[in-house]
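Shown next: upload.txt, given as compact mmCIF, C-alpha atoms.
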# COMPACT_ATOMS: atom_id res chain seq x y z
CA MET G 346 -20.54 -0.49 18.50
CA ALA G 347 -18.48 2.70 18.22
CA THR G 348 -15.54 3.49 20.44
CA THR G 349 -14.01 6.84 21.27
CA THR G 350 -11.47 8.33 18.87
CA PRO G 351 -7.97 7.00 19.66
CA ALA G 352 -6.13 9.42 21.92
CA THR G 353 -2.72 9.55 20.27
CA VAL G 354 -1.35 9.58 16.72
CA SER G 355 2.16 8.92 15.45
CA VAL G 356 3.34 9.69 11.92
CA ALA G 357 5.81 7.33 10.20
CA LEU G 358 7.52 9.53 7.60
CA CYS G 359 10.22 7.91 5.45
CA THR G 360 12.67 10.05 3.52
CA ARG G 361 15.39 9.64 0.94
CA ASN G 362 16.82 12.63 -0.94
CA GLY G 363 13.58 14.55 -0.47
CA GLU G 364 14.91 18.06 0.09
CA ARG G 365 12.69 19.53 -2.62
CA TYR G 366 9.38 18.55 -1.02
CA ILE G 367 9.91 17.68 2.65
CA VAL G 368 9.21 21.14 4.05
CA GLU G 369 5.79 21.40 2.39
CA GLN G 370 4.86 17.95 3.64
CA LEU G 371 5.93 18.68 7.21
CA GLU G 372 4.02 21.96 7.24
CA SER G 373 0.86 20.16 6.14
CA ILE G 374 1.26 17.66 8.99
CA LEU G 375 1.79 20.38 11.58
CA LEU G 376 -1.48 22.04 10.51
CA GLN G 377 -3.57 18.96 11.34
CA THR G 378 -6.33 18.91 13.94
CA PRO G 379 -5.99 16.85 16.02
CA SER G 380 -2.23 17.15 16.10
CA PRO G 381 -0.03 14.04 16.15
CA ILE G 382 1.99 13.52 19.31
CA GLN G 383 4.99 12.08 17.45
CA ILE G 384 6.61 12.27 14.03
CA VAL G 385 9.16 9.55 13.30
CA ILE G 386 11.40 10.45 10.39
CA SER G 387 13.38 7.48 9.10
CA ASP G 388 15.93 8.67 6.56
CA ASP G 389 17.25 6.06 4.16
CA GLY G 390 20.76 7.31 3.48
CA SER G 391 19.96 10.73 1.98
CA THR G 392 22.89 12.49 0.34
CA ASP G 393 21.11 15.84 -0.04
CA ALA G 394 19.84 18.40 2.49
CA THR G 395 16.69 16.50 3.52
CA LEU G 396 17.52 16.24 7.21
CA GLU G 397 18.89 19.77 7.37
CA ARG G 398 15.53 21.02 6.12
CA VAL G 399 13.68 18.84 8.61
CA ARG G 400 15.70 20.29 11.47
CA ALA G 401 15.16 23.81 10.15
CA VAL G 402 11.38 23.31 10.25
CA ILE G 403 11.62 22.01 13.81
CA ALA G 404 13.76 24.98 14.87
CA GLU G 405 11.46 27.50 13.19
CA HIS G 406 8.33 26.18 14.88
CA SER G 407 10.07 25.76 18.23
CA ALA G 408 11.07 29.41 18.15
CA THR G 409 7.43 30.47 17.96
CA GLY G 410 6.64 28.75 21.23
CA ALA G 411 3.92 26.67 19.62
CA GLY G 412 3.53 23.12 20.85
CA LEU G 413 5.17 20.60 18.55
CA PRO G 414 4.92 16.84 18.20
CA ARG G 415 7.93 14.91 19.41
CA PHE G 416 10.34 14.34 16.51
CA ASP G 417 12.34 11.10 16.41
CA ILE G 418 14.90 11.18 13.61
CA LEU G 419 16.46 7.89 12.49
CA GLU G 420 19.42 7.99 10.10
CA ASN G 421 20.41 4.93 8.06
CA PRO G 422 24.06 5.10 6.96
CA ARG G 423 23.20 2.68 4.16
CA PRO G 424 19.78 2.51 2.48
CA LEU G 425 17.47 -0.24 3.78
CA GLY G 426 14.93 0.03 0.96
CA VAL G 427 11.34 1.22 1.14
CA THR G 428 9.75 -1.69 3.03
CA ALA G 429 12.51 -2.12 5.61
CA ASN G 430 12.72 1.63 6.17
CA PHE G 431 8.98 1.85 6.85
CA ALA G 432 9.24 -1.17 9.16
CA GLN G 433 11.90 0.68 11.13
CA ALA G 434 9.73 3.80 11.29
CA VAL G 435 6.52 2.11 12.46
CA GLU G 436 8.37 0.13 15.12
CA ARG G 437 9.45 3.42 16.68
CA CYS G 438 5.91 4.82 16.73
CA ASP G 439 4.16 4.75 20.10
CA GLY G 440 0.80 6.35 19.32
CA ASP G 441 -2.45 4.40 19.35
CA VAL G 442 -2.74 5.11 15.62
CA ILE G 443 0.08 5.18 13.05
CA VAL G 444 -0.17 7.25 9.86
CA LEU G 445 2.04 6.30 6.91
CA CYS G 446 3.58 9.30 5.19
CA ASP G 447 5.65 9.88 2.05
CA GLN G 448 8.11 12.74 1.90
CA ASP G 449 6.77 14.36 -1.26
CA ASP G 450 3.01 14.54 -0.71
CA VAL G 451 0.78 17.13 0.97
CA TRP G 452 -1.95 16.32 3.47
CA HIS G 453 -5.31 18.03 3.16
CA PRO G 454 -6.18 19.99 6.34
CA HIS G 455 -8.75 17.44 7.55
CA ARG G 456 -6.75 14.33 6.64
CA LEU G 457 -6.28 13.16 10.24
CA ALA G 458 -9.76 14.09 11.41
CA ALA G 459 -11.45 12.23 8.55
CA GLY G 460 -9.20 9.20 8.90
CA LEU G 461 -9.73 8.93 12.65
CA GLU G 462 -13.48 9.24 12.24
CA ALA G 463 -13.47 6.26 9.86
CA LEU G 464 -11.38 4.31 12.39
CA GLU G 465 -13.85 4.84 15.25
CA HIS G 466 -15.53 1.43 14.90
CA ALA G 467 -13.78 -1.18 17.00
CA ASP G 468 -13.63 -3.79 14.24
CA VAL G 469 -11.91 -1.43 11.78
CA THR G 470 -8.13 -1.74 11.97
CA LEU G 471 -6.94 0.20 8.91
CA VAL G 472 -8.29 3.14 6.91
CA PHE G 473 -7.21 4.47 3.53
CA SER G 474 -8.53 7.12 1.17
CA ASP G 475 -8.57 8.48 -2.32
CA ALA G 476 -5.97 11.08 -3.31
CA GLU G 477 -5.60 13.90 -5.79
CA LEU G 478 -2.78 13.24 -8.26
CA VAL G 479 -0.54 16.28 -8.70
CA ASP G 480 2.66 16.93 -10.61
CA GLY G 481 6.06 17.91 -9.26
CA SER G 482 4.99 21.51 -8.72
CA GLY G 483 1.75 20.54 -7.02
CA ALA G 484 -0.52 21.28 -10.00
CA PRO G 485 -3.49 18.89 -10.35
CA LEU G 486 -3.14 16.24 -13.06
CA GLY G 487 -6.90 16.11 -13.51
CA ARG G 488 -7.40 12.62 -12.13
CA ARG G 489 -7.63 10.89 -8.80
CA LEU G 490 -5.83 7.86 -7.47
CA LEU G 491 -8.78 5.47 -7.38
CA ASP G 492 -9.73 6.40 -10.95
CA SER G 493 -6.18 5.69 -12.11
CA LEU G 494 -6.35 2.32 -10.38
CA GLU G 495 -9.61 1.68 -12.27
CA ILE G 496 -11.54 0.57 -9.20
CA PRO G 497 -15.18 0.07 -10.25
CA ALA G 498 -18.09 1.54 -8.26
CA ASP G 499 -19.18 -1.83 -6.81
CA ASP G 500 -15.68 -2.51 -5.47
CA ARG G 501 -15.47 0.98 -3.99
CA GLN G 502 -18.74 0.47 -2.16
CA GLN G 503 -17.46 -2.83 -0.81
CA LEU G 504 -14.33 -1.07 0.42
CA VAL G 505 -16.34 1.73 2.04
CA SER G 506 -18.33 -0.91 3.94
CA GLY G 507 -15.12 -2.62 5.08
CA ARG G 508 -15.46 -5.96 3.25
CA ALA G 509 -12.06 -5.86 1.61
CA ALA G 510 -10.35 -9.25 1.93
CA PRO G 511 -11.77 -10.85 -1.25
CA LEU G 512 -10.84 -7.76 -3.25
CA LEU G 513 -7.30 -7.55 -1.87
CA LEU G 514 -6.69 -11.23 -2.56
CA ARG G 515 -7.32 -10.33 -6.20
CA ARG G 516 -5.22 -7.16 -6.37
CA ASN G 517 -3.78 -4.49 -4.12
CA LEU G 518 -6.01 -1.41 -3.91
CA VAL G 519 -4.38 0.37 -0.95
CA THR G 520 -1.75 3.09 -1.36
CA GLY G 521 0.44 3.69 1.68
CA ALA G 522 0.46 7.48 1.40
CA THR G 523 -3.26 7.42 2.30
CA VAL G 524 -3.12 4.85 5.14
CA LEU G 525 -3.58 5.05 8.90
CA PHE G 526 -3.98 2.03 11.17
CA ARG G 527 -4.15 0.89 14.77
CA ARG G 528 -0.71 0.17 16.20
CA SER G 529 -2.09 -3.13 17.52
CA LEU G 530 -2.03 -4.39 13.91
CA LEU G 531 1.77 -4.59 14.09
CA ARG G 532 1.53 -7.55 16.49
CA HIS G 533 0.21 -9.59 13.58
CA ALA G 534 1.88 -7.89 10.60
CA LEU G 535 5.51 -7.71 11.72
CA PRO G 536 7.96 -8.69 10.43
CA PHE G 537 7.16 -7.46 6.92
CA PRO G 538 8.20 -10.06 4.31
CA SER G 539 10.81 -8.61 1.97
CA SER G 540 8.81 -9.72 -1.07
CA TRP G 541 5.83 -7.56 -0.05
CA VAL G 542 5.57 -3.77 -0.05
CA HIS G 543 4.78 -2.58 3.47
CA ASP G 544 1.45 -0.92 2.68
CA GLU G 545 -0.08 -3.81 0.74
CA TRP G 546 1.05 -6.25 3.46
CA LEU G 547 -0.46 -4.18 6.26
CA ALA G 548 -3.70 -3.82 4.29
CA ILE G 549 -4.15 -7.48 3.45
CA ILE G 550 -3.31 -8.68 6.97
CA ALA G 551 -5.76 -6.13 8.41
CA ALA G 552 -8.46 -7.16 5.92
CA CYS G 553 -8.01 -10.86 6.71
CA ILE G 554 -8.30 -10.50 10.50
CA SER G 555 -10.67 -7.51 10.80
CA ARG G 556 -12.09 -4.80 8.55
CA ILE G 557 -10.47 -2.01 6.62
CA ARG G 558 -12.38 1.01 5.32
CA LEU G 559 -12.07 3.35 2.38
CA VAL G 560 -12.70 7.06 2.81
CA PRO G 561 -13.85 7.84 -0.75
CA GLU G 562 -12.83 11.49 -0.73
CA PRO G 563 -9.23 12.55 -1.43
CA LEU G 564 -7.33 13.40 1.76
CA VAL G 565 -3.83 13.72 0.27
CA ASP G 566 -2.19 15.37 -2.73
CA TYR G 567 -0.22 12.41 -4.13
CA ARG G 568 2.70 13.82 -6.06
CA GLN G 569 3.86 12.21 -9.31
CA HIS G 570 7.20 13.65 -10.35
CA GLY G 571 9.11 10.88 -12.10
CA ALA G 572 11.37 10.07 -9.15
CA ASN G 573 8.80 8.39 -6.91
CA GLU G 574 9.94 5.26 -5.13
CA ILE G 575 6.46 3.92 -5.90
CA GLY G 576 4.04 5.82 -8.13
CA VAL G 577 0.91 5.27 -10.19
CA ALA G 578 0.84 5.14 -13.97
CA ALA G 579 -2.03 6.38 -16.11
CA PRO G 580 -4.20 3.43 -17.29
CA THR G 581 -3.71 4.04 -21.01
CA LEU G 582 -4.64 1.50 -23.69
CA SER G 583 -1.04 1.30 -24.94
CA ARG G 584 0.19 0.50 -21.43
CA LYS G 585 -2.40 -2.28 -21.08
CA ILE G 586 -1.35 -3.81 -24.41
CA ARG G 587 2.33 -3.68 -23.41
CA ARG G 588 1.52 -5.48 -20.16
CA VAL G 589 -0.25 -8.29 -22.00
CA LEU G 590 2.55 -8.78 -24.53
CA GLN G 591 5.62 -8.28 -22.34
CA PRO G 592 7.66 -11.42 -21.49
CA ARG G 593 6.51 -13.29 -18.40
CA GLY G 594 9.84 -12.75 -16.67
CA SER G 595 9.83 -13.14 -12.88
CA ARG G 596 6.37 -11.66 -12.19
CA ASN G 597 4.57 -14.97 -11.77
CA ALA G 598 7.30 -16.39 -9.54
CA GLU G 599 7.12 -13.29 -7.37
CA LEU G 600 3.34 -13.53 -7.05
CA SER G 601 3.60 -17.20 -6.18
CA GLU G 602 6.15 -16.50 -3.45
CA LYS G 603 4.17 -13.58 -2.03
CA PHE G 604 0.92 -15.44 -1.63
CA GLU G 605 2.58 -18.56 -0.27
CA LEU G 606 4.07 -16.31 2.43
CA LEU G 607 0.67 -14.76 3.10
CA TRP G 608 -0.93 -18.18 3.43
CA GLU G 609 1.74 -19.23 5.92
CA ARG G 610 1.28 -16.06 7.99
CA LEU G 611 -2.50 -16.49 8.08
CA LEU G 612 -2.06 -20.06 9.30
CA GLU G 613 0.14 -18.72 12.10
CA LEU G 614 -2.61 -16.25 13.07
CA GLY G 615 -4.98 -19.16 13.67
CA ASP G 616 -8.48 -18.30 14.86
CA LEU G 617 -8.04 -14.60 14.06
CA VAL G 618 -8.66 -15.47 10.40
CA PRO G 619 -12.22 -16.51 9.46
CA PRO G 620 -12.37 -19.93 7.74
CA ASP G 621 -13.79 -18.52 4.50
CA ILE G 622 -10.93 -16.01 4.23
CA LEU G 623 -8.39 -18.75 4.98
CA ALA G 624 -9.88 -20.87 2.21
CA ARG G 625 -9.74 -17.96 -0.22
CA ALA G 626 -6.09 -17.31 0.66
CA ALA G 627 -5.24 -20.97 0.07
CA THR G 628 -6.91 -20.86 -3.35
CA LYS G 629 -5.11 -17.63 -4.24
CA ALA G 630 -1.75 -19.22 -3.37
CA ARG G 631 -2.64 -22.25 -5.50
CA VAL G 632 -3.71 -20.11 -8.47
CA GLU G 633 -0.46 -18.14 -8.46
CA ARG G 634 1.64 -21.27 -7.99
CA GLU G 635 -0.02 -22.94 -10.97
CA ARG G 636 0.17 -19.80 -13.11
CA GLU G 637 3.91 -19.71 -12.45
CA ALA G 638 4.18 -23.32 -13.68
CA LEU G 639 2.43 -22.70 -17.02
CA PRO G 640 4.53 -24.13 -19.86
CA ALA G 641 6.51 -22.04 -22.30
CA ARG G 642 4.49 -23.21 -25.32
CA ARG G 643 1.32 -21.14 -25.56
CA LEU G 644 -0.95 -23.92 -26.85
CA ALA G 645 0.09 -26.14 -23.96
CA ARG G 646 -1.26 -23.52 -21.54
CA LEU G 647 -4.79 -23.77 -22.91
CA PRO G 648 -6.10 -26.71 -20.79
CA TRP G 649 -5.12 -25.06 -17.50
CA ILE G 650 -6.41 -21.64 -18.60
CA ALA G 651 -9.76 -23.16 -19.60
CA ARG G 652 -10.12 -24.98 -16.25
CA ALA G 653 -9.16 -21.87 -14.28
CA ALA G 654 -11.65 -19.75 -16.19
CA SER G 655 -14.46 -22.26 -15.68
CA ARG G 656 -13.78 -22.31 -11.93
CA GLY G 657 -13.96 -18.51 -11.73
CA TRP G 658 -10.32 -18.19 -10.72
CA TYR G 659 -9.57 -15.39 -13.15
CA ARG G 660 -12.64 -13.47 -11.97
CA ASP G 661 -11.97 -13.96 -8.26
CA TYR G 662 -8.18 -14.13 -7.91
CA CYS G 663 -6.41 -12.41 -10.82
CA SER G 664 -5.74 -8.70 -10.77
CA GLN G 665 -7.12 -7.98 -14.24
CA GLY G 666 -9.86 -10.60 -14.28
CA ALA G 667 -10.64 -11.85 -17.79
CA LYS G 668 -7.82 -9.73 -19.21
CA ASP G 669 -5.38 -12.04 -17.45
CA ILE G 670 -6.62 -14.90 -19.61
CA LEU G 671 -5.09 -13.07 -22.57
CA ARG G 672 -1.97 -12.31 -20.57
CA ASP G 673 -1.44 -15.95 -19.59
CA LEU G 674 -2.16 -17.12 -23.13
CA LEU G 675 -0.15 -14.57 -25.11
CA GLN G 676 2.81 -13.56 -22.99
CA PRO G 677 6.09 -15.00 -24.26
CA HIS G 678 8.56 -16.56 -21.88
CA ASP G 679 12.02 -15.11 -21.55
CA ASP G 680 14.68 -16.90 -23.60
CA HIS G 681 16.24 -18.45 -20.50
CA THR G 682 12.81 -19.77 -19.44
CA LEU G 683 12.20 -21.37 -22.84
CA SER G 684 15.33 -23.47 -22.43
CA ARG G 685 13.99 -25.22 -19.32
Rewrite the coordinates I just gave you, this time as structure tokens.
Amino acid sequence: MATTTPATVSVALCTRNGERYIVEQLESILLQTPSPIQIVISDDGSTDATLERVRAVIAEHSATGAGLPRFDILENPRPLGVTANFAQAVERCDGDVIVLCDQDDVWHPHRLAAGLEALEHADVTLVFSDAELVDGSGAPLGRRLLDSLEIPADDRQQLVSGRAAPLLLRRNLVTGATVLFRRSLLRHALPFPSSWVHDEWLAIIAACISRIRLVPEPLVDYRQHGANEIGVAAPTLSRKIRRVLQPRGSRNAELSEKFELLWERLLELGDLVPPDILARAATKARVEREREALPARRLARLPWIARAASRGWYRDYCSQGAKDILRDLLQPHDDHTLSR
């Protein structure tokens, strides 16, 4: 059953040394219909003219007499980091809907309207979209975000329909620059664990307790300029080979910690999480815990890898599916790990 479009929108815009792009981003936000009621700018210790340019935009538009959103500017003397800075920003938002915003992107004119339309159903808590990838000057790179993430058509259709939890327990598919969500989600998602990036945490919590929806059209120009806090790499063959052959390092330990924390949070949420999703989350935590414990000697990994493959764990819980069988089999351990 559809509900009316939420009445108010807040924008959580995080900045750090973004003087080159912040004006274009702000102008694209101010052109939106409907207009947000609030823009929270949380600056993470910028040493350039980012905030001066923000204030200049505010002054310029105020002088025209046009109605402006309320601007709340937060200044961090010392950088908090991406996740903590976004946590600070969203906690200051008071709209019914919160839109995540990077300093260096550009919103398409109908970004808010399309996102709010997708959020109209009461059981949808979070919406995200595709994006056009552009370079530092704003020129198209000739590919879109979802293509670069190599999301197959079947998975995209599942995301459009809102059935996202099984997919997100396998790999993150949600990019924060394209996200808007109901502020009520924060009751269940805060505090953000430091081992998770804010956008993937919001998405997976939303998917586990409700539905999230993909808008398949690009609603944002997602700028790739080499200095992104978080960007997206082209899925080239050489990059895939490097990922398979690079030392295991701390990646498996980090995944194990992340999904143990997710499992614990879902247990805290109790009846909000359907039993089948809770069971999937428990299996995901187990898979990552056991992958972390794989021995240094490659041949000794074979029995576990064979059992995991036969149970469908690689298909259902590993980000690269069958490719992760090769990764787990071939990746060398770091020298310090081999000595354990």
Which residues, protein or nucleic acid, reach to within 12 Å of (13.6, 15.4, -2.1) in the file's coordinates when using all atoms listed in the file, and can you give that as a PDB file with C-alpha atoms, in the coordinates of the input?
ATOM      1  CA  CYS G 359      10.220   7.910   5.450  1.00  0.00           C
ATOM      2  CA  THR G 360      12.670  10.050   3.520  1.00  0.00           C
ATOM      3  CA  ARG G 361      15.390   9.640   0.940  1.00  0.00           C
ATOM      4  CA  ASN G 362      16.820  12.630  -0.940  1.00  0.00           C
ATOM      5  CA  GLY G 363      13.580  14.550  -0.470  1.00  0.00           C
ATOM      6  CA  GLU G 364      14.910  18.060   0.090  1.00  0.00           C
ATOM      7  CA  ARG G 365      12.690  19.530  -2.620  1.00  0.00           C
ATOM      8  CA  TYR G 366       9.380  18.550  -1.020  1.00  0.00           C
ATOM      9  CA  ILE G 367       9.910  17.680   2.650  1.00  0.00           C
ATOM     10  CA  VAL G 368       9.210  21.140   4.050  1.00  0.00           C
ATOM     11  CA  GLU G 369       5.790  21.400   2.390  1.00  0.00           C
ATOM     12  CA  GLN G 370       4.860  17.950   3.640  1.00  0.00           C
ATOM     13  CA  ASP G 388      15.930   8.670   6.560  1.00  0.00           C
ATOM     14  CA  ASP G 389      17.250   6.060   4.160  1.00  0.00           C
ATOM     15  CA  SER G 391      19.960  10.730   1.980  1.00  0.00           C
ATOM     16  CA  THR G 392      22.890  12.490   0.340  1.00  0.00           C
ATOM     17  CA  ASP G 393      21.110  15.840  -0.040  1.00  0.00           C
ATOM     18  CA  ALA G 394      19.840  18.400   2.490  1.00  0.00           C
ATOM     19  CA  THR G 395      16.690  16.500   3.520  1.00  0.00           C
ATOM     20  CA  LEU G 396      17.520  16.240   7.210  1.00  0.00           C
ATOM     21  CA  GLU G 397      18.890  19.770   7.370  1.00  0.00           C
ATOM     22  CA  ARG G 398      15.530  21.020   6.120  1.00  0.00           C
ATOM     23  CA  VAL G 399      13.680  18.840   8.610  1.00  0.00           C
ATOM     24  CA  ASP G 447       5.650   9.880   2.050  1.00  0.00           C
ATOM     25  CA  GLN G 448       8.110  12.740   1.900  1.00  0.00           C
ATOM     26  CA  ASP G 449       6.770  14.360  -1.260  1.00  0.00           C
ATOM     27  CA  ASP G 450       3.010  14.540  -0.710  1.00  0.00           C
ATOM     28  CA  GLY G 481       6.060  17.910  -9.260  1.00  0.00           C
ATOM     29  CA  ARG G 568       2.700  13.820  -6.060  1.00  0.00           C
ATOM     30  CA  HIS G 570       7.200  13.650 -10.350  1.00  0.00           C
ATOM     31  CA  GLY G 571       9.110  10.880 -12.100  1.00  0.00           C
ATOM     32  CA  ALA G 572      11.370  10.070  -9.150  1.00  0.00           C
ATOM     33  CA  ASN G 573       8.800   8.390  -6.910  1.00  0.00           C
ATOM     34  CA  GLU G 574       9.940   5.260  -5.130  1.00  0.00           C
TER      35      GLU G 574
END
### Task
Kindly extract all protein, DNA and RNA residues lying within 12 Å of the coordinates (-5.0, -24.2, -15.9) given in the file, considering all atoms listed in the file, and supply them as a PyMOL selection string.
chain G and resi 631-640+643-659+670+673-674
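Taking CA of Arg593 (chain G) and CA of Asp544 (chain G) as the two end points, the separation is 25.0 Å.
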### Message
Please report the interatomic distance between CA of Val442 (chain G) and CA of Leu464 (chain G) in Å with one decimal.
### Response
9.3 Å
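All residues of protein, DNA or RNA that reach within 10 Å of Val444 (chain G), judged by all atoms listed in the file and not counting those fewer than 3 positions away in the chain, are Val354, Ser355, Val356, Ala357, Leu358, Pro381, Ile384, Val435, Cys438, Gly440, Leu457, Gly460, Leu471, Val472, Phe473, Gly521, Ala522, Thr523, Val524, Leu525, Phe526, Arg527 and Arg528 of chain G.
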### Task
Rounded to one decimal place, report the CA of Glu372 (chain G)-CA of Ala352 (chain G) distance in Å.
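Separation of CA of Glu372 (chain G) and CA of Ala352 (chain G): 21.8 Å.
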Find the axis-aligned box for region 516-534 of chain G, covering all its listed atoms and adding 3 Å on each side, and write its centre and edge lengths in Å to one decimal as JSON.
{"center_x": -2.1, "center_y": -1.1, "center_z": 5.6, "size_x": 13.9, "size_y": 23.1, "size_z": 29.9}
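Distances here use all atoms listed in the file; by that measure, the residue among G:Pro379, G:Pro561, G:Gly666, G:Gly390 closest to Ala458 (chain G) is G:Pro379.
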#### Entry: Close residues, Arg610 (chain G) itself excluded, 12 Å, all atoms listed in the file, min 2 positions apart in chain, as an NGL selection string
:G and (533-538 or 546 or 549-550 or 553-554 or 603-608 or 612-615 or 617-618 or 623 or 626-627)
### Which residue of G:Leu504, G:Leu531, G:Val451, G:Ile403 approaches Arg558 (chain G) most closely, using only C-alpha atoms
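So, comparing all the options, the nearest one is G:Leu504.
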### Query
When distances are computed from only C-alpha atoms, which of G:Thr628, G:Ser540, G:Gln569, G:Ser555 shows the smallest separation from Tyr662 (chain G)?
G:Thr628
### Message
Can you tell me which residues surround Pro563 (chain G) at a distance of at most 7 Å, considering all atoms listed in the file, apart from same-chain residues fewer than 5 positions away, and format the answer as an MDAnalysis selection string?
### Response
chainID G and resid 474:477
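Closest approach to Arg672 (chain G) among G:Leu375, G:Ala432, G:Lys629, G:Arg596: G:Arg596, based on only C-alpha atoms.
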### Query
Which residue, G:Ala434, G:Ala459, G:Leu512, G:Ile557, has the smallest gap to Asn421 (chain G) when you use all atoms listed in the file?
G:Ala434
### Message
I'd like to know which of G:Val505, G:Leu494, G:Ala463, G:Ala401 is closest to Ser664 (chain G), using all atoms listed in the file.
### Response
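Comparing G:Val505, G:Leu494, G:Ala463, G:Ala401 against Ser664 (chain G), the winner is G:Leu494.
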Please produce, as JSON lines, a per-residue contact table for region 472-583 of chain G versus region 452-456 of chain G (criterion: any atom at most 8 Å away, all atoms listed in the file considered), showing the nearest atom pair and its distance in Å to one decimal, sorted by chain then residue number.
{"residue": "G:Leu564", "atom": "CA", "partner": "G:Arg456", "partner_atom": "CA", "distance": 5.0}
{"residue": "G:Val565", "atom": "CA", "partner": "G:Trp452", "partner_atom": "CA", "distance": 4.5}
{"residue": "G:Asp566", "atom": "CA", "partner": "G:Trp452", "partner_atom": "CA", "distance": 6.3}
